[in-house]
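Data from model_4.txt: compact mmCIF, C-alpha atoms (C1' of nucleotides)
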```txt
# COMPACT_ATOMS: atom_id res chain seq x y z
CA MET A 437 -6.87 -10.02 -32.15
CA SER A 438 -5.90 -8.17 -35.31
CA LYS A 439 -4.98 -9.54 -38.69
CA SER A 440 -1.49 -10.55 -37.63
CA ALA A 441 0.15 -13.93 -37.90
CA LYS A 442 0.47 -16.17 -34.89
CA TRP A 443 4.23 -16.26 -34.66
CA LEU A 444 7.19 -14.06 -35.23
CA THR A 445 9.53 -14.77 -38.12
CA PRO A 446 13.12 -15.63 -37.19
CA ALA A 447 14.25 -12.11 -38.06
CA GLU A 448 11.50 -10.56 -35.98
CA GLU A 449 12.14 -12.89 -33.11
CA SER A 450 15.83 -12.12 -33.19
CA ALA A 451 15.25 -8.38 -33.09
CA TRP A 452 12.78 -8.76 -30.27
CA ARG A 453 14.81 -11.12 -28.09
CA LYS A 454 18.04 -9.23 -28.50
CA TYR A 455 16.38 -5.98 -27.67
CA ILE A 456 14.68 -7.41 -24.58
CA VAL A 457 17.68 -9.25 -23.21
CA ALA A 458 20.10 -6.39 -23.76
CA SER A 459 17.66 -3.92 -22.25
CA ARG A 460 17.19 -5.97 -19.11
CA ARG A 461 20.90 -6.43 -18.64
CA MET A 462 21.69 -2.83 -19.35
CA TYR A 463 19.13 -1.71 -16.80
CA GLU A 464 20.72 -3.95 -14.20
CA ALA A 465 24.17 -2.61 -15.02
CA LEU A 466 23.14 1.03 -14.81
CA ASP A 467 21.31 0.47 -11.57
CA GLU A 468 24.28 -1.36 -10.17
CA ASP A 469 26.62 1.45 -11.22
CA LEU A 470 24.46 3.92 -9.33
CA THR A 471 24.45 2.05 -6.04
CA ALA A 472 27.90 3.49 -5.37
CA HIS A 473 26.07 6.79 -4.89
CA GLY A 474 23.33 5.24 -2.80
CA LEU A 475 20.78 5.78 -5.55
CA SER A 476 18.50 3.56 -7.53
CA LEU A 477 17.84 4.36 -11.16
CA SER A 478 14.34 5.54 -10.42
CA ASP A 479 15.40 7.74 -7.53
CA TYR A 480 17.98 9.21 -9.85
CA GLU A 481 15.30 9.98 -12.41
CA ILE A 482 13.15 11.66 -9.82
CA LEU A 483 16.04 13.88 -8.80
CA VAL A 484 16.95 14.70 -12.40
CA HIS A 485 13.48 15.86 -13.25
CA LEU A 486 13.36 17.99 -10.14
CA SER A 487 16.74 19.50 -10.87
CA ASP A 488 15.62 20.47 -14.37
CA ALA A 489 12.41 22.07 -13.18
CA LYS A 490 11.81 25.69 -12.33
CA ASP A 491 12.69 26.28 -8.68
CA ARG A 492 13.65 22.62 -8.62
CA SER A 493 10.04 21.93 -7.81
CA LEU A 494 7.30 19.92 -9.43
CA ARG A 495 3.77 19.00 -8.55
CA MET A 496 3.53 15.37 -7.53
CA SER A 497 1.41 14.50 -10.52
CA GLU A 498 3.75 16.14 -13.00
CA LEU A 499 6.67 14.37 -11.48
CA ALA A 500 4.81 11.10 -11.67
CA ASP A 501 4.12 11.64 -15.36
CA LYS A 502 7.65 12.61 -16.23
CA THR A 503 9.21 9.70 -14.43
CA ILE A 504 6.56 7.17 -15.49
CA ILE A 505 5.97 6.20 -11.90
CA SER A 506 2.52 5.63 -10.46
CA ARG A 507 1.24 8.26 -8.07
CA SER A 508 1.09 5.87 -5.24
CA ARG A 509 4.57 4.64 -5.81
CA LEU A 510 5.82 8.19 -6.05
CA SER A 511 4.15 9.10 -2.78
CA HIS A 512 5.90 6.26 -1.02
CA ARG A 513 9.18 7.03 -2.71
CA ILE A 514 9.06 10.72 -1.88
CA LYS A 515 8.42 9.84 1.73
CA TYR A 516 11.63 7.86 1.69
CA MET A 517 13.51 10.63 -0.08
CA GLU A 518 12.23 13.16 2.41
CA GLY A 519 13.76 10.98 5.08
CA LYS A 520 17.05 11.15 3.21
CA GLY A 521 16.77 14.93 3.16
CA TRP A 522 16.81 15.11 -0.62
CA VAL A 523 13.32 16.48 -1.08
CA GLU A 524 10.66 18.36 0.84
CA ARG A 525 6.95 18.60 0.37
CA GLN A 526 5.12 21.89 0.25
CA LYS A 527 1.41 22.54 0.15
CA CYS A 528 0.29 24.10 -3.08
CA ALA A 529 -1.34 27.48 -2.60
CA SER A 530 -3.27 27.77 -5.84
CA ASP A 531 -4.71 24.27 -5.71
CA LYS A 532 -5.31 23.09 -2.21
CA ARG A 533 -5.40 19.47 -3.26
CA GLY A 534 -1.88 19.74 -4.57
CA THR A 535 1.61 19.14 -3.26
CA TRP A 536 4.92 20.44 -4.51
CA ALA A 537 7.93 18.19 -4.36
CA VAL A 538 10.88 20.50 -3.79
CA MET A 539 14.48 19.43 -4.12
CA THR A 540 16.75 20.44 -1.26
CA THR A 541 20.36 21.53 -1.47
CA LYS A 542 21.30 18.15 -0.17
CA GLY A 543 19.35 16.51 -2.98
CA TRP A 544 21.06 18.79 -5.47
CA ASN A 545 24.48 17.89 -4.14
CA THR A 546 23.64 14.24 -4.36
CA ILE A 547 22.61 14.37 -7.99
CA VAL A 548 25.52 16.59 -8.95
CA LYS A 549 27.87 14.08 -7.47
CA ALA A 550 26.23 11.11 -9.14
CA ALA A 551 25.56 12.53 -12.58
CA PRO A 552 29.03 12.33 -14.15
CA ASP A 553 29.38 8.68 -13.20
CA HIS A 554 25.93 7.90 -14.41
CA VAL A 555 26.54 9.60 -17.74
CA ALA A 556 29.81 7.74 -18.08
CA SER A 557 27.92 4.58 -17.36
CA ILE A 558 25.33 5.28 -20.05
CA ARG A 559 28.11 5.97 -22.51
CA LYS A 560 30.01 2.87 -21.69
CA ARG A 561 27.01 0.56 -21.78
CA PHE A 562 25.10 2.12 -24.62
CA ILE A 563 26.17 5.24 -26.47
CA ASP A 564 29.73 4.19 -27.14
CA GLN A 565 28.50 0.90 -28.53
CA ILE A 566 26.51 2.42 -31.34
CA SER A 567 27.40 4.60 -34.31
CA LYS A 568 26.15 8.11 -34.92
CA ALA A 569 23.83 6.77 -37.58
CA ASP A 570 22.51 4.19 -35.14
CA GLN A 571 21.83 6.95 -32.65
CA ALA A 572 19.58 8.69 -35.10
CA ASN A 573 17.94 5.39 -35.97
CA ILE A 574 17.28 4.51 -32.38
CA ALA A 575 15.81 7.93 -31.72
CA ALA A 576 13.51 7.68 -34.72
CA ILE A 577 12.46 4.10 -34.07
CA PHE A 578 11.60 4.53 -30.44
CA GLU A 579 9.96 7.85 -31.05
CA LYS A 580 7.66 6.04 -33.43
CA VAL A 581 7.07 3.17 -31.05
CA GLU A 582 6.21 5.54 -28.29
CA SER A 583 3.90 7.74 -30.25
CA ASN A 584 2.09 4.63 -31.36
CA LEU A 585 1.67 3.53 -27.77
CA ARG A 586 0.38 6.95 -26.89
CA LYS A 587 -2.10 6.97 -29.72
CA ASP A 588 -3.19 3.50 -28.83
CA PHE A 589 -3.72 4.50 -25.26
CA LYS A 590 -6.12 7.26 -26.24
CA GLU A 591 -8.33 5.01 -28.35
CA MET B 553 35.83 6.94 -14.75
CA SER B 554 36.88 6.55 -18.39
CA LYS B 555 37.88 9.20 -20.85
CA SER B 556 34.32 10.23 -21.59
CA ALA B 557 32.79 13.68 -21.47
CA LYS B 558 30.56 14.68 -18.63
CA TRP B 559 27.36 15.13 -20.54
CA LEU B 560 25.54 13.64 -23.45
CA THR B 561 25.22 15.64 -26.63
CA PRO B 562 21.67 16.52 -27.68
CA ALA B 563 21.66 13.72 -30.25
CA GLU B 564 22.88 11.20 -27.71
CA GLU B 565 20.47 12.40 -25.11
CA SER B 566 17.61 12.17 -27.56
CA ALA B 567 18.46 8.59 -28.50
CA TRP B 568 18.80 7.62 -24.88
CA ARG B 569 15.65 9.28 -23.57
CA LYS B 570 13.48 8.05 -26.41
CA TYR B 571 14.76 4.56 -26.02
CA ILE B 572 14.19 4.56 -22.25
CA VAL B 573 10.76 6.12 -22.29
CA ALA B 574 9.44 3.95 -25.10
CA SER B 575 10.85 0.84 -23.49
CA ARG B 576 9.21 1.55 -20.18
CA ARG B 577 5.86 2.26 -21.78
CA MET B 578 6.06 -0.74 -24.05
CA TYR B 579 6.80 -3.00 -21.13
CA GLU B 580 3.76 -1.67 -19.31
CA ALA B 581 1.58 -2.20 -22.36
CA LEU B 582 2.74 -5.77 -22.94
CA ASP B 583 2.30 -6.64 -19.31
CA GLU B 584 -1.13 -5.10 -19.32
CA ASP B 585 -2.10 -7.06 -22.44
CA LEU B 586 -1.13 -10.29 -20.70
CA THR B 587 -3.21 -9.73 -17.60
CA ALA B 588 -6.23 -10.91 -19.59
CA HIS B 589 -4.61 -14.36 -19.38
CA GLY B 590 -3.77 -14.01 -15.71
CA LEU B 591 -0.07 -13.80 -16.48
CA SER B 592 2.66 -11.30 -15.84
CA LEU B 593 5.36 -10.81 -18.42
CA SER B 594 7.93 -12.57 -16.30
CA ASP B 595 5.68 -15.53 -15.57
CA TYR B 596 5.09 -15.75 -19.29
CA GLU B 597 8.81 -15.84 -19.91
CA ILE B 598 9.29 -18.58 -17.38
CA LEU B 599 6.64 -20.68 -19.08
CA VAL B 600 8.04 -20.01 -22.55
CA HIS B 601 11.49 -21.19 -21.61
CA LEU B 602 10.08 -24.30 -20.02
CA SER B 603 7.93 -25.05 -23.03
CA ASP B 604 10.97 -24.81 -25.32
CA ALA B 605 13.06 -27.10 -23.18
CA LYS B 606 13.51 -30.82 -23.52
CA ASP B 607 10.79 -32.58 -21.51
CA ARG B 608 9.53 -29.10 -20.72
CA SER B 609 11.90 -29.17 -17.80
CA LEU B 610 14.80 -27.05 -16.71
CA ARG B 611 17.06 -26.90 -13.71
CA MET B 612 16.24 -23.95 -11.52
CA SER B 613 19.57 -22.33 -12.19
CA GLU B 614 19.29 -22.67 -15.96
CA LEU B 615 15.83 -21.25 -15.86
CA ALA B 616 17.04 -18.35 -13.77
CA ASP B 617 19.79 -17.61 -16.28
CA LYS B 618 17.52 -17.79 -19.29
CA THR B 619 14.88 -15.56 -17.80
CA ILE B 620 17.33 -13.17 -16.17
CA ILE B 621 15.64 -13.61 -12.84
CA SER B 622 17.55 -14.01 -9.59
CA ARG B 623 17.54 -17.45 -8.05
CA SER B 624 15.76 -16.28 -5.01
CA ARG B 625 13.09 -14.53 -6.99
CA LEU B 626 12.66 -17.59 -9.16
CA SER B 627 12.26 -19.80 -6.12
CA HIS B 628 9.48 -17.62 -4.80
CA ARG B 629 7.87 -17.34 -8.22
CA ILE B 630 7.94 -21.06 -8.85
CA LYS B 631 6.29 -21.63 -5.52
CA TYR B 632 3.47 -19.40 -6.67
CA MET B 633 3.30 -21.11 -10.05
CA GLU B 634 3.21 -24.50 -8.39
CA GLY B 635 0.17 -23.26 -6.52
CA LYS B 636 -1.40 -22.36 -9.84
CA GLY B 637 -0.70 -25.87 -11.07
CA TRP B 638 1.47 -24.67 -13.95
CA VAL B 639 4.73 -26.18 -12.77
CA GLU B 640 6.01 -28.93 -10.52
CA ARG B 641 9.32 -29.42 -8.82
CA GLN B 642 11.28 -32.64 -9.04
CA LYS B 643 14.42 -33.62 -7.23
CA CYS B 644 17.37 -34.01 -9.52
CA ALA B 645 18.84 -37.51 -9.45
CA SER B 646 22.30 -36.82 -10.82
CA ASP B 647 22.95 -33.78 -8.67
CA LYS B 648 21.30 -34.05 -5.31
CA ARG B 649 21.53 -30.32 -4.74
CA GLY B 650 19.46 -29.69 -7.81
CA THR B 651 15.80 -29.23 -8.63
CA TRP B 652 13.99 -29.57 -11.91
CA ALA B 653 11.18 -27.21 -12.71
CA VAL B 654 8.74 -29.21 -14.81
CA MET B 655 5.89 -27.67 -16.74
CA THR B 656 2.53 -29.39 -16.29
CA THR B 657 -0.15 -29.89 -18.91
CA LYS B 658 -2.07 -27.12 -17.27
CA GLY B 659 0.92 -24.84 -17.63
CA TRP B 660 1.23 -25.84 -21.27
CA ASN B 661 -2.40 -25.07 -21.93
CA THR B 662 -2.03 -21.71 -20.29
CA ILE B 663 0.89 -20.66 -22.42
CA VAL B 664 -0.66 -22.02 -25.61
CA LYS B 665 -3.72 -19.95 -24.95
CA ALA B 666 -1.79 -16.79 -24.16
CA ALA B 667 0.89 -16.95 -26.83
CA PRO B 668 -1.06 -15.78 -29.89
CA ASP B 669 -2.34 -12.71 -28.08
CA HIS B 670 1.07 -11.96 -26.72
CA VAL B 671 2.67 -12.25 -30.11
CA ALA B 672 -0.01 -10.02 -31.58
CA SER B 673 0.73 -7.58 -28.83
CA ILE B 674 4.46 -7.56 -29.58
CA ARG B 675 3.67 -6.98 -33.24
CA LYS B 676 1.30 -4.18 -32.58
CA ARG B 677 3.50 -2.37 -30.11
CA PHE B 678 6.87 -3.01 -31.68
CA ILE B 679 7.44 -5.11 -34.78
CA ASP B 680 4.79 -3.47 -36.93
CA GLN B 681 6.19 -0.06 -36.06
CA ILE B 682 9.59 -0.70 -37.55
CA SER B 683 10.82 -1.51 -41.03
CA LYS B 684 12.60 -4.70 -42.05
CA ALA B 685 15.84 -2.77 -42.21
CA ASP B 686 15.22 -1.43 -38.72
CA GLN B 687 14.67 -4.96 -37.49
CA ALA B 688 18.11 -5.96 -38.63
CA ASN B 689 19.55 -2.79 -37.16
CA ILE B 690 17.94 -3.34 -33.81
CA ALA B 691 19.15 -6.92 -33.70
CA ALA B 692 22.71 -5.88 -34.52
CA ILE B 693 22.77 -2.94 -32.15
CA PHE B 694 21.45 -4.75 -29.14
CA GLU B 695 23.53 -7.80 -29.84
CA LYS B 696 26.53 -5.52 -29.65
CA VAL B 697 25.32 -3.81 -26.50
CA GLU B 698 24.71 -7.10 -24.83
CA SER B 699 27.97 -8.71 -25.76
CA ASN B 700 29.71 -5.63 -24.42
CA LEU B 701 27.86 -5.96 -21.13
CA ARG B 702 28.82 -9.61 -20.99
CA LYS B 703 32.45 -8.90 -21.64
CA ASP B 704 32.42 -6.14 -19.11
CA PHE B 705 30.92 -8.43 -16.55
CA LYS B 706 33.76 -10.88 -16.91
CA GLU B 707 36.49 -8.31 -16.38
C1' DT C 1168 -25.89 28.54 -6.42
C1' DG C 1169 -25.79 23.59 -5.88
C1' DG C 1170 -24.62 19.21 -7.16
C1' DC C 1171 -21.59 15.95 -8.91
C1' DA C 1172 -18.02 13.97 -11.72
C1' DA C 1173 -13.13 14.38 -12.19
C1' DT C 1174 -8.58 15.30 -10.21
C1' DA C 1175 -4.66 15.32 -6.61
C1' DG C 1176 -2.57 12.96 -3.44
C1' DT C 1177 -2.14 9.75 0.43
C1' DT C 1178 -2.71 5.55 3.04
C1' DG C 1179 -2.49 0.66 4.64
C1' DA C 1180 -2.84 -3.87 3.29
C1' DA C 1181 -1.61 -7.26 -0.19
C1' DT C 1182 2.04 -8.76 -3.30
C1' DA C 1183 6.42 -8.99 -5.16
C1' DT C 1184 11.34 -8.59 -5.02
C1' DT C 1185 15.77 -8.23 -2.85
C1' DC C 1186 19.00 -9.36 0.56
C1' DA C 1187 21.63 -12.14 3.62
C1' DA C 1188 22.08 -16.30 5.78
C1' DC C 1189 21.71 -21.07 5.50
C1' DA C 1190 21.94 -26.41 4.52
C1' DA C 1191 23.21 -29.74 1.40
C1' DT C 1192 25.87 -31.20 -1.91
C1' DT C 1193 29.69 -31.42 -5.44
C1' DG C 1194 34.34 -30.96 -7.44
C1' DG C 1195 38.89 -30.25 -7.31
C1' DC C 1196 43.25 -30.63 -5.06
C1' DT C 1197 46.82 -32.68 -2.01
C1' DA D 403 40.65 -40.52 1.49
C1' DG D 404 39.96 -35.87 3.35
C1' DC D 405 39.54 -31.04 3.18
C1' DC D 406 37.62 -26.89 1.60
C1' DA D 407 35.91 -23.63 -1.73
C1' DA D 408 32.29 -23.21 -4.99
C1' DT D 409 27.56 -24.37 -6.51
C1' DT D 410 22.51 -25.22 -5.97
C1' DG D 411 18.51 -23.95 -4.16
C1' DT D 412 15.60 -22.34 -0.37
C1' DT D 413 14.06 -19.43 3.40
C1' DG D 414 12.42 -15.42 6.22
C1' DA D 415 12.93 -10.78 7.02
C1' DA D 416 13.48 -6.26 4.99
C1' DT D 417 12.14 -3.36 1.13
C1' DA D 418 9.61 -1.95 -2.66
C1' DT D 419 5.56 -1.79 -5.49
C1' DT D 420 0.77 -2.37 -6.55
C1' DC D 421 -3.94 -2.16 -5.47
C1' DA D 422 -8.14 -0.35 -3.70
C1' DA D 423 -10.20 2.74 -0.84
C1' DC D 424 -10.38 7.21 0.92
C1' DT D 425 -10.28 12.56 1.81
C1' DA D 426 -10.18 16.93 0.08
C1' DT D 427 -10.59 19.78 -3.33
C1' DT D 428 -11.77 21.73 -8.00
C1' DG D 429 -14.28 22.48 -12.35
C1' DC D 430 -18.20 22.14 -14.83
C1' DC D 431 -22.78 22.96 -15.92
C1' DA D 432 -27.86 22.98 -15.13
```
What does this structure look like when you write it as structure tokens?
Amino acid sequence: MSKSAKWLTPAEESAWRKYIVASRRMYEALDEDLTAHGLSLSDYEILVHLSDAKDRSLRMSELADKTIISRSRLSHRIKYMEGKGWVERQKCASDKRGTWAVMTTKGWNTIVKAAPDHVASIRKRFIDQISKADQANIAAIFEKVESNLRKDFKE
Amino acid sequence: MSKSAKWLTPAEESAWRKYIVASRRMYEALDEDLTAHGLSLSDYEILVHLSDAKDRSLRMSELADKTIISRSRLSHRIKYMEGKGWVERQKCASDKRGTWAVMTTKGWNTIVKAAPDHVASIRKRFIDQISKADQANIAAIFEKVESNLRKDFKE
DNA sequence: TGGCAATAGTTGAATATTCAACAATTGGCT
DNA sequence: AGCCAATTGTTGAATATTCAACTATTGCCA
């Protein structure tokens, strides 16, 4: 399995552990903050991507890609969200296999209400803790990490 | 909800999105890499903490804290891992409410076999993508984020 | 055209995780 | 001592997610 050494150095280990632990706890905190609006973090993401999209609509598969949620999971989740009245499904005319997920007014109102708190929550837990320079660093580092994952995936 | 602005600036948004997306994908990749050893990432973490502990044993509650897993979830998971023969439970003598989770030889062998691949996987997906300076940055940044979360939790 | 591999999406069953309630202590306080 | 709130850990039911199979197309190409 590659040329690499068996263990991480203390500096590597420290970076890794701190990143992992903080990330887990931050996720919990953000999710917790959202429950006041009756939303989970992933439902929030689904709504955000829909609200950004043209006609507030996306094909199921596009939505799945953008949110990094499996198709099956998304199907189940959208069923739930339909029940909540946040989303509707529409048959796709041009591709009869397809389905559009369409955000309703109710869904829009929900996200509009939740967004300011969620943004405040991201600031408080993350953005406000790091300097401007760190911001740029983080962006560059994780961009690199992600593009490497993507490349690796294609191999 | 705090003094903060309603939206993230483009630079903030970029840092946040890139961090989130890369983290999600990296988690998937690491978990995927571990399946070859029949382990999930969280089962791996449980075993690691046990293997580091004195007598390879930890109280359920300590183990839950270290792994950031809820007690209930840990209970269920340990039941599964007992079935696999990786762990045993022992009554705690000094505190009759307590339970020790004790790693078995089989559990030890499992983790010893998986560890080098997992470490290689962390290197490939993360450590090797970032510079030494970045390592130190990441450690400092997420240390700060986490201590802020901790403080916040206590309030 | 016809055939067939690839794609879109859903479904139900299998697993995993959360949630709320619970029993059994322990620890502190009067 | 005796009471009671807090801690430890488990449990079963409710939810959520994954997994594998499936239908219905579409796109390609011989």
inquiry  = Taking 2 positions as the minimum chain separation for residues in the same chain, which residues sit within 10 Å of DA415 in chain D when counting only C-alpha atoms (C1' of nucleotides)? Answer as a VMD selection string.
reply    = (chain C and resid 1186 to 1187) or (chain D and resid 413 417)
request  = For each of B:Ile572, B:Ala563, B:Ile621, B:Leu586, take the minimum atom-to-atom distance to Ala666 in chain B, counting only C-alpha atoms, then give the residue where this is smallest.
outcome  = B:Leu586
Quick one: contact table of chain C to chain A, 8 Å max, nearest atom pair and distance in Å to one decimal per residue, counting all atoms listed in the file, chain and number order, as JSON lines?
```
{"residue": "C:DA1175", "atom": "C1'", "partner": "A:Arg533", "partner_atom": "CA", "distance": 5.4}
{"residue": "C:DG1176", "atom": "C1'", "partner": "A:Gly534", "partner_atom": "CA", "distance": 6.9}
{"residue": "C:DT1177", "atom": "C1'", "partner": "A:Ser511", "partner_atom": "CA", "distance": 7.1}
```
request  = Starting from chain D, keep only residues with some atom at most 12 Å from an atom of chain B, counting only C-alpha atoms (C1' of nucleotides), and report them as a PyMOL selection string.
outcome  = chain D and resi 409-414
Go ahead and dump the residues you just picked, C-alpha atoms (C1' of nucleotides), as a compact mmCIF listing (two decimals), in the frame of the given file.
```txt
# COMPACT_ATOMS: atom_id res chain seq x y z
C1' DT D 409 27.56 -24.37 -6.51
C1' DT D 410 22.51 -25.22 -5.97
C1' DG D 411 18.51 -23.95 -4.16
C1' DT D 412 15.60 -22.34 -0.37
C1' DT D 413 14.06 -19.43 3.40
C1' DG D 414 12.42 -15.42 6.22
```
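The interatomic distance for the pair C1' of DG1194 in chain C and CA of Ile630 in chain B works out to 28.2 Å.
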request  = Quick one: everything within 12 Å of Val538 in chain A, counting all atoms listed in the file, minus sequence neighbours fewer than 2 positions away in the same chain. Send it as number ranges by chain.
outcome  = A: 482-483, 485-496, 499, 514, 517-518, 521-528, 535-536, 540-544
Would you give me, as a Markdown table, each residue of chain A having an atom within 7 Å of an atom of chain B, along with its shortest atom pair and that distance in Å to one decimal, using all atoms listed in the file and sorting by chain and residue number?
```
| residue | atom | partner | partner_atom | distance |
| --- | --- | --- | --- | --- |
| A:Met437 | CA | B:Asp669 | CA | 6.7 |
| A:Ser440 | CA | B:Ala672 | CA | 6.3 |
| A:Lys442 | CA | B:Pro668 | CA | 5.2 |
| A:Trp443 | CA | B:Val671 | CA | 6.3 |
| A:Glu448 | CA | B:Gln687 | CA | 6.6 |
| A:Ser450 | CA | B:Ala691 | CA | 6.2 |
| A:Ala451 | CA | B:Ala691 | CA | 4.2 |
| A:Lys454 | CA | B:Phe694 | CA | 5.7 |
| A:Tyr455 | CA | B:Phe694 | CA | 5.4 |
| A:Ala458 | CA | B:Glu698 | CA | 4.8 |
| A:Pro552 | CA | B:Lys558 | CA | 5.3 |
| A:Asp553 | CA | B:Met553 | CA | 6.9 |
| A:Val555 | CA | B:Trp559 | CA | 6.3 |
| A:Ala556 | CA | B:Ser556 | CA | 6.2 |
| A:Arg561 | CA | B:Leu701 | CA | 6.6 |
| A:Phe562 | CA | B:Val697 | CA | 6.2 |
| A:Ile563 | CA | B:Glu564 | CA | 6.9 |
| A:Gln565 | CA | B:Val697 | CA | 6.0 |
| A:Ile566 | CA | B:Ile693 | CA | 6.6 |
| A:Gln571 | CA | B:Ala567 | CA | 5.6 |
| A:Ala572 | CA | B:Ala567 | CA | 6.7 |
| A:Ile574 | CA | B:Ala567 | CA | 5.8 |
| A:Ala575 | CA | B:Ala567 | CA | 4.2 |
| A:Ile577 | CA | B:Ile682 | CA | 6.6 |
| A:Phe578 | CA | B:Tyr571 | CA | 5.4 |
| A:Glu579 | CA | B:Lys570 | CA | 5.8 |
| A:Lys580 | CA | B:Gln681 | CA | 6.8 |
| A:Val581 | CA | B:Gln681 | CA | 6.0 |
| A:Glu582 | CA | B:Ala574 | CA | 4.8 |
| A:Leu585 | CA | B:Arg677 | CA | 6.6 |
```
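Rounded to one decimal, CA of Lys631 in chain B and CA of His589 in chain B lie 19.1 Å from each other.
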inquiry  = Counting all atoms listed in the file, which residue out of C:DC1171, C:DC1196, C:DA1183, C:DC1189 sits closest to DA418 in chain D?
reply    =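 Under the stated criterion, the closest residue is C:DA1183.
Counting all atoms listed in the file and comparing A:Thr445, A:Arg509, A:Gly474, A:Asp479, the residue that lies closest to DT1178 in chain C is A:Arg509.
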